[in-house]
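Visitor: Data file protein-v1.txt (compact mmCIF, C-alpha atoms) is appended below.
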```
# COMPACT_ATOMS: atom_id res chain seq x y z
CA MET A 20 -79.71 202.97 208.50
CA VAL A 21 -83.00 203.26 210.44
CA SER A 22 -85.24 203.88 207.44
CA GLN A 23 -84.09 200.60 205.91
CA LEU A 24 -84.74 198.31 208.88
CA GLN A 25 -86.29 194.98 207.92
CA LEU A 26 -88.85 194.31 210.67
CA LYS A 27 -90.51 191.07 211.73
CA ILE A 28 -93.36 190.84 214.24
CA LEU A 29 -92.15 189.46 217.55
CA ILE A 30 -95.28 190.14 219.67
CA SER A 31 -98.64 190.92 218.07
CA HIS A 32 -100.93 193.67 219.34
CA GLU A 33 -103.44 190.94 220.31
CA LYS A 34 -100.88 189.28 222.59
CA ILE A 35 -99.88 192.67 223.99
CA ALA A 36 -103.53 193.46 224.82
CA LYS A 37 -103.89 190.13 226.67
CA ALA A 38 -100.70 190.76 228.63
CA VAL A 39 -101.79 194.30 229.54
CA ASN A 40 -105.12 192.93 230.80
CA ARG A 41 -103.33 190.25 232.85
CA LEU A 42 -100.94 192.81 234.35
CA ALA A 43 -103.85 195.11 235.22
CA CYS A 44 -105.59 192.25 237.06
CA GLU A 45 -102.41 191.49 239.04
CA ILE A 46 -101.92 195.17 239.92
CA GLU A 47 -105.57 195.61 240.97
CA ARG A 48 -105.29 192.55 243.22
CA ASP A 49 -102.15 193.89 244.91
CA TYR A 50 -103.28 197.51 245.27
CA GLN A 51 -106.82 196.96 246.59
CA CYS A 52 -107.87 199.75 248.97
CA ARG A 53 -104.80 201.81 248.04
CA GLN A 54 -104.15 204.64 245.61
CA PRO A 55 -100.81 203.98 243.93
CA LEU A 56 -98.68 206.54 242.16
CA LEU A 57 -97.75 205.19 238.74
CA ILE A 58 -94.57 206.68 237.33
CA GLY A 59 -94.03 206.10 233.64
CA VAL A 60 -90.55 206.19 232.18
CA LEU A 61 -90.60 208.46 229.14
CA LYS A 62 -90.65 208.16 226.29
CA GLY A 63 -90.89 204.43 225.75
CA SER A 64 -93.53 203.50 228.33
CA PHE A 65 -96.21 206.00 227.32
CA VAL A 66 -98.16 203.67 224.97
CA PHE A 67 -98.02 200.76 227.43
CA MET A 68 -98.91 202.99 230.38
CA ALA A 69 -101.89 204.52 228.55
CA ASP A 70 -103.29 201.07 227.78
CA LEU A 71 -102.53 199.80 231.29
CA ILE A 72 -104.26 202.61 233.19
CA ARG A 73 -107.41 202.24 231.07
CA GLN A 74 -107.58 198.64 232.32
CA LEU A 75 -107.10 199.54 236.00
CA ASP A 76 -110.27 199.88 238.04
CA LEU A 77 -108.77 201.58 241.08
CA PRO A 78 -107.93 205.13 242.13
CA LEU A 79 -104.44 206.12 241.05
CA ASP A 80 -102.19 209.06 240.38
CA LEU A 81 -99.89 209.44 237.38
CA ASP A 82 -96.54 211.03 236.90
CA PHE A 83 -93.58 210.66 234.59
CA VAL A 84 -89.82 210.61 234.74
CA ARG A 85 -87.47 210.99 231.84
CA LEU A 86 -84.00 209.50 231.94
CA ALA A 87 -81.21 209.57 229.40
CA SER A 88 -78.66 206.85 228.77
CA TYR A 89 -79.02 205.85 225.11
CA GLY A 90 -79.23 208.96 222.93
CA ALA A 91 -79.38 207.86 219.30
CA ASP A 92 -77.37 204.69 220.00
CA ARG A 93 -78.64 201.15 220.43
CA GLU A 94 -76.37 200.56 223.40
CA SER A 95 -76.69 202.25 226.78
CA SER A 96 -73.82 204.56 227.58
CA GLY A 97 -73.93 203.27 231.17
CA LYS A 98 -74.25 206.83 232.43
CA VAL A 99 -77.80 207.73 233.46
CA ARG A 100 -79.10 211.20 234.10
CA VAL A 101 -82.51 212.47 235.14
CA VAL A 102 -83.88 214.77 232.44
CA GLN A 103 -87.37 215.19 233.96
CA ARG A 104 -88.12 214.47 237.61
CA PRO A 105 -91.51 213.30 238.89
CA GLU A 106 -93.60 216.28 239.97
CA MET A 107 -95.74 214.46 242.53
CA PRO A 108 -94.31 213.69 245.98
CA VAL A 109 -93.14 210.09 246.33
CA ASN A 110 -92.66 210.10 250.10
CA SER A 111 -94.99 207.63 251.85
CA ARG A 112 -96.72 206.68 248.58
CA ASP A 113 -97.17 203.25 247.03
CA VAL A 114 -95.15 203.76 243.85
CA LEU A 115 -95.36 201.58 240.76
CA VAL A 116 -92.79 202.30 238.05
CA VAL A 117 -94.05 201.51 234.54
CA GLU A 118 -91.27 200.67 232.10
CA ASP A 119 -91.25 199.57 228.46
CA ILE A 120 -88.15 197.37 228.67
CA VAL A 121 -85.60 196.21 231.20
CA ASP A 122 -82.45 195.57 229.21
CA THR A 123 -79.05 195.86 230.90
CA GLY A 124 -80.81 196.95 234.10
CA ILE A 125 -78.55 199.99 234.49
CA THR A 126 -81.20 202.65 233.83
CA THR A 127 -83.97 200.87 235.74
CA SER A 128 -81.72 200.20 238.73
CA PHE A 129 -80.68 203.86 238.74
CA LEU A 130 -84.33 204.94 238.74
CA LEU A 131 -85.35 202.55 241.52
CA ASP A 132 -82.43 203.73 243.68
CA TYR A 133 -83.34 207.36 242.92
CA LEU A 134 -86.95 206.78 244.00
CA LYS A 135 -85.98 204.75 247.12
CA LYS A 136 -84.13 207.81 248.40
CA LYS A 137 -87.47 209.65 248.37
CA LYS A 138 -88.83 207.12 250.92
CA PRO A 139 -91.94 205.66 249.27
CA ALA A 140 -94.19 203.39 251.36
CA SER A 141 -93.60 200.72 248.70
CA LEU A 142 -91.84 200.58 245.35
CA LYS A 143 -92.57 198.05 242.61
CA LEU A 144 -91.76 197.69 238.92
CA CYS A 145 -94.07 196.80 236.04
CA ALA A 146 -92.23 196.12 232.78
CA LEU A 147 -93.78 195.29 229.45
CA THR A 148 -90.64 193.50 228.27
CA ASP A 149 -87.54 192.01 229.84
CA LYS A 150 -84.31 191.09 228.07
CA PRO A 151 -82.46 189.10 230.78
CA SER A 152 -79.72 187.93 228.41
CA ARG A 153 -78.29 191.48 228.46
CA ARG A 154 -78.59 192.08 232.20
CA ARG A 155 -75.62 193.74 233.86
CA VAL A 156 -77.43 194.88 237.01
CA THR A 157 -80.03 192.78 238.83
CA VAL A 158 -83.47 194.37 238.77
CA PRO A 159 -86.53 192.89 240.52
CA ILE A 160 -89.54 192.94 238.16
CA ASP A 161 -92.81 192.59 240.06
CA TYR A 162 -95.14 192.58 237.04
CA LEU A 163 -93.85 191.37 233.67
CA GLY A 164 -95.48 191.20 230.26
CA PHE A 165 -92.93 189.35 228.13
CA THR A 166 -89.39 188.01 228.15
CA VAL A 167 -87.76 188.83 224.82
CA PRO A 168 -84.66 187.50 223.04
CA ASN A 169 -81.42 189.43 222.73
CA LYS A 170 -82.56 191.35 219.67
CA PHE A 171 -83.25 195.03 219.17
CA ILE A 172 -87.01 195.61 219.38
CA VAL A 173 -89.24 198.48 218.25
CA GLY A 174 -92.94 199.33 218.21
CA TYR A 175 -95.63 199.88 220.84
CA GLY A 176 -93.64 202.80 222.27
CA LEU A 177 -90.19 201.27 221.80
CA ASP A 178 -88.06 203.18 219.32
CA CYS A 179 -84.96 203.24 217.19
CA ASP A 180 -83.67 206.81 217.04
CA GLU A 181 -87.21 208.11 217.85
CA LYS A 182 -88.83 206.11 215.02
CA TYR A 183 -91.30 203.19 215.08
CA ARG A 184 -92.95 204.06 218.44
CA ASN A 185 -96.34 204.21 216.70
CA LEU A 186 -96.34 200.62 215.46
CA PRO A 187 -99.09 198.57 217.16
CA ASP A 188 -97.02 195.38 217.43
CA ILE A 189 -93.52 194.78 218.77
CA TYR A 190 -91.01 194.01 216.06
CA THR A 191 -87.46 192.78 215.89
CA GLN A 192 -84.95 193.66 213.23
CA GLU A 193 -84.55 190.80 210.80
CA ASP A 194 -80.94 189.86 210.04
```
Can the structure from this file be put into structure tokens for me?
Guide:
Amino acid sequence: MVSQLQLKILISHEKIAKAVNRLACEIERDYQCRQPLLIGVLKGSFVFMADLIRQLDLPLDLDFVRLASYGADRESSGKVRVVQRPEMPVNSRDVLVVEDIVDTGITTSFLLDYLKKKKPASLKLCALTDKPSRRRVTVPIDYLGFTVPNKFIVGYGLDCDEKYRNLPDIYTQED
């Protein structure tokens, strides 16, 4: 039961802040003299994206997309659907997708394919966390915060049945 999860800190908020700063520096370097469109994947990426954009010293536009594949489960159903489409045009834009976690790769791959069909000038992915041990579909991650073990994680935007998003650190469930 969710309310009885035993949580252990996996990544502290101090380490997260350092990683966000590092990612912002890498993104600024690569997007000099351009105005990228950052597309956050709701709901999980909103905390990460908010911290990231405050570190970026370059002109940018923001939008969001909401996909569904998990529901209240801890495992992806494998079937992805777009719940909320980006409102801003993607065509001929430098697009940077901001994601909280790349797990099986199914949802992220679906989103990247969906956006490629809209013919962006460029398309890159920035992920706070990557769980390669669960990968079922290859996904190129251009900017990565952390590689995490094959454990269910919550906090800093990541949830378990819509709970724990507000925690400042990233936690794993203790066995």
Visitor: Find the residues around Val167 in chain A up to 12 Å (all atoms listed in the file counted), leave out those fewer than 2 positions away in its own chain, and share them as a ChimeraX atom specification.
Guide: /A:29-30,119-122,146-153,163-165,169-173,189-191
Visitor: Determine, using all atoms listed in the file, which residues of range 62-154 of chain A have any atom at most 12 Å from an atom of range 43-52 of chain A, and tabulate each with its shortest atom pair and distance in Å to one decimal place, rows ordered by chain and then rising number, as JSON lines.
Guide:
```
{"residue": "A:Phe67", "atom": "CA", "partner": "A:Ala43", "partner_atom": "CA", "distance": 11.3}
{"residue": "A:Met68", "atom": "CA", "partner": "A:Ala43", "partner_atom": "CA", "distance": 10.5}
{"residue": "A:Ala69", "atom": "CA", "partner": "A:Ala43", "partner_atom": "CA", "distance": 11.7}
{"residue": "A:Asp70", "atom": "CA", "partner": "A:Ala43", "partner_atom": "CA", "distance": 9.5}
{"residue": "A:Leu71", "atom": "CA", "partner": "A:Ala43", "partner_atom": "CA", "distance": 6.3}
{"residue": "A:Ile72", "atom": "CA", "partner": "A:Ala43", "partner_atom": "CA", "distance": 7.8}
{"residue": "A:Arg73", "atom": "CA", "partner": "A:Ala43", "partner_atom": "CA", "distance": 9.0}
{"residue": "A:Gln74", "atom": "CA", "partner": "A:Ala43", "partner_atom": "CA", "distance": 5.9}
{"residue": "A:Leu75", "atom": "CA", "partner": "A:Ala43", "partner_atom": "CA", "distance": 5.5}
{"residue": "A:Asp76", "atom": "CA", "partner": "A:Glu47", "partner_atom": "CA", "distance": 7.0}
{"residue": "A:Leu77", "atom": "CA", "partner": "A:Glu47", "partner_atom": "CA", "distance": 6.8}
{"residue": "A:Pro78", "atom": "CA", "partner": "A:Cys52", "partner_atom": "CA", "distance": 8.7}
{"residue": "A:Leu79", "atom": "CA", "partner": "A:Tyr50", "partner_atom": "CA", "distance": 9.7}
{"residue": "A:Arg112", "atom": "CA", "partner": "A:Tyr50", "partner_atom": "CA", "distance": 11.8}
{"residue": "A:Asp113", "atom": "CA", "partner": "A:Tyr50", "partner_atom": "CA", "distance": 8.6}
{"residue": "A:Val114", "atom": "CA", "partner": "A:Tyr50", "partner_atom": "CA", "distance": 10.4}
{"residue": "A:Leu115", "atom": "CA", "partner": "A:Ile46", "partner_atom": "CA", "distance": 9.2}
{"residue": "A:Val116", "atom": "CA", "partner": "A:Ile46", "partner_atom": "CA", "distance": 11.7}
{"residue": "A:Val117", "atom": "CA", "partner": "A:Ile46", "partner_atom": "CA", "distance": 11.4}
{"residue": "A:Ser141", "atom": "CA", "partner": "A:Tyr50", "partner_atom": "CA", "distance": 10.8}
{"residue": "A:Leu142", "atom": "CA", "partner": "A:Tyr50", "partner_atom": "CA", "distance": 11.8}
{"residue": "A:Lys143", "atom": "CA", "partner": "A:Ile46", "partner_atom": "CA", "distance": 10.1}
{"residue": "A:Leu144", "atom": "CA", "partner": "A:Ile46", "partner_atom": "CA", "distance": 10.5}
{"residue": "A:Cys145", "atom": "CA", "partner": "A:Ile46", "partner_atom": "CA", "distance": 8.9}
{"residue": "A:Ala146", "atom": "CA", "partner": "A:Ala43", "partner_atom": "CA", "distance": 11.9}
{"residue": "A:Leu147", "atom": "CA", "partner": "A:Ala43", "partner_atom": "CA", "distance": 11.6}
```
Visitor: So that I can see what lies close to Phe83 in chain A, please list as a PDB file with C-alpha atoms, keeping the file's coordinate frame the residues with an atom at most 6 Å from it, counting all atoms listed in the file and leaving out residues fewer than 6 positions away in the same chain.
Guide:
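Writing done, so here's part.pdb:
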```
ATOM      1  CA  ILE A  58     -94.570 206.680 237.330  1.00  0.00           C
ATOM      2  CA  GLY A  59     -94.030 206.100 233.640  1.00  0.00           C
ATOM      3  CA  VAL A  60     -90.550 206.190 232.180  1.00  0.00           C
ATOM      4  CA  PRO A 105     -91.510 213.300 238.890  1.00  0.00           C
TER       5      PRO A 105
END
```
Visitor: Report the distance between CA of Lys138 in chain A and CA of Arg155 in chain A in Å, rounded to one decimal place.
Guide: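 CA of Lys138 in chain A sits 25.4 Å away from CA of Arg155 in chain A.
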Visitor: Which residues, written as a list in words, have at least one atom at most 9 Å from Gly63 in chain A, with all atoms listed in the file counted and residues fewer than 6 positions away on the same chain left out?
Guide: Glu118, Asp119, Ile120, Tyr175, Gly176, Leu177, Asp178 and Arg184 of chain A
Visitor: Restricting the output to C-alpha atoms, write the selected residues as a PDB file, keeping the file's coordinate frame.
Guide:
```pdb
ATOM      1  CA  GLU A 118     -91.270 200.670 232.100  1.00  0.00           C
ATOM      2  CA  ASP A 119     -91.250 199.570 228.460  1.00  0.00           C
ATOM      3  CA  ILE A 120     -88.150 197.370 228.670  1.00  0.00           C
ATOM      4  CA  TYR A 175     -95.630 199.880 220.840  1.00  0.00           C
ATOM      5  CA  GLY A 176     -93.640 202.800 222.270  1.00  0.00           C
ATOM      6  CA  LEU A 177     -90.190 201.270 221.800  1.00  0.00           C
ATOM      7  CA  ASP A 178     -88.060 203.180 219.320  1.00  0.00           C
ATOM      8  CA  ARG A 184     -92.950 204.060 218.440  1.00  0.00           C
TER       9      ARG A 184
END
```
Visitor: Figure out the distance between CA of Leu26 in chain A and CA of Leu186 in chain A, please, to one decimal in Å.
Guide: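 That distance, rounded to one decimal, is 10.9 Å.
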Visitor: What does the distance between CA of Ser64 in chain A and CA of Asn185 in chain A come to in Å, to one decimal place?
Guide: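 Taking CA of Ser64 in chain A and CA of Asn185 in chain A, their separation equals 12.0 Å.
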Visitor: If we count all atoms listed in the file, what is near range 106-108 of chain A at a cut-off of 10 Å, once residues fewer than 2 positions away on the same chain are taken out, given as a PDB file with C-alpha atoms, keeping the file's coordinate frame?
Guide:
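Output saved as result-v6.pdb:
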```
ATOM      1  CA  LEU A  56     -98.680 206.540 242.160  1.00  0.00           C
ATOM      2  CA  ILE A  58     -94.570 206.680 237.330  1.00  0.00           C
ATOM      3  CA  ASP A  80    -102.190 209.060 240.380  1.00  0.00           C
ATOM      4  CA  LEU A  81     -99.890 209.440 237.380  1.00  0.00           C
ATOM      5  CA  ASP A  82     -96.540 211.030 236.900  1.00  0.00           C
ATOM      6  CA  PHE A  83     -93.580 210.660 234.590  1.00  0.00           C
ATOM      7  CA  VAL A  84     -89.820 210.610 234.740  1.00  0.00           C
ATOM      8  CA  GLN A 103     -87.370 215.190 233.960  1.00  0.00           C
ATOM      9  CA  ARG A 104     -88.120 214.470 237.610  1.00  0.00           C
ATOM     10  CA  ASN A 110     -92.660 210.100 250.100  1.00  0.00           C
ATOM     11  CA  SER A 111     -94.990 207.630 251.850  1.00  0.00           C
ATOM     12  CA  ARG A 112     -96.720 206.680 248.580  1.00  0.00           C
ATOM     13  CA  LYS A 137     -87.470 209.650 248.370  1.00  0.00           C
ATOM     14  CA  LYS A 138     -88.830 207.120 250.920  1.00  0.00           C
ATOM     15  CA  PRO A 139     -91.940 205.660 249.270  1.00  0.00           C
TER      16      PRO A 139
END
```
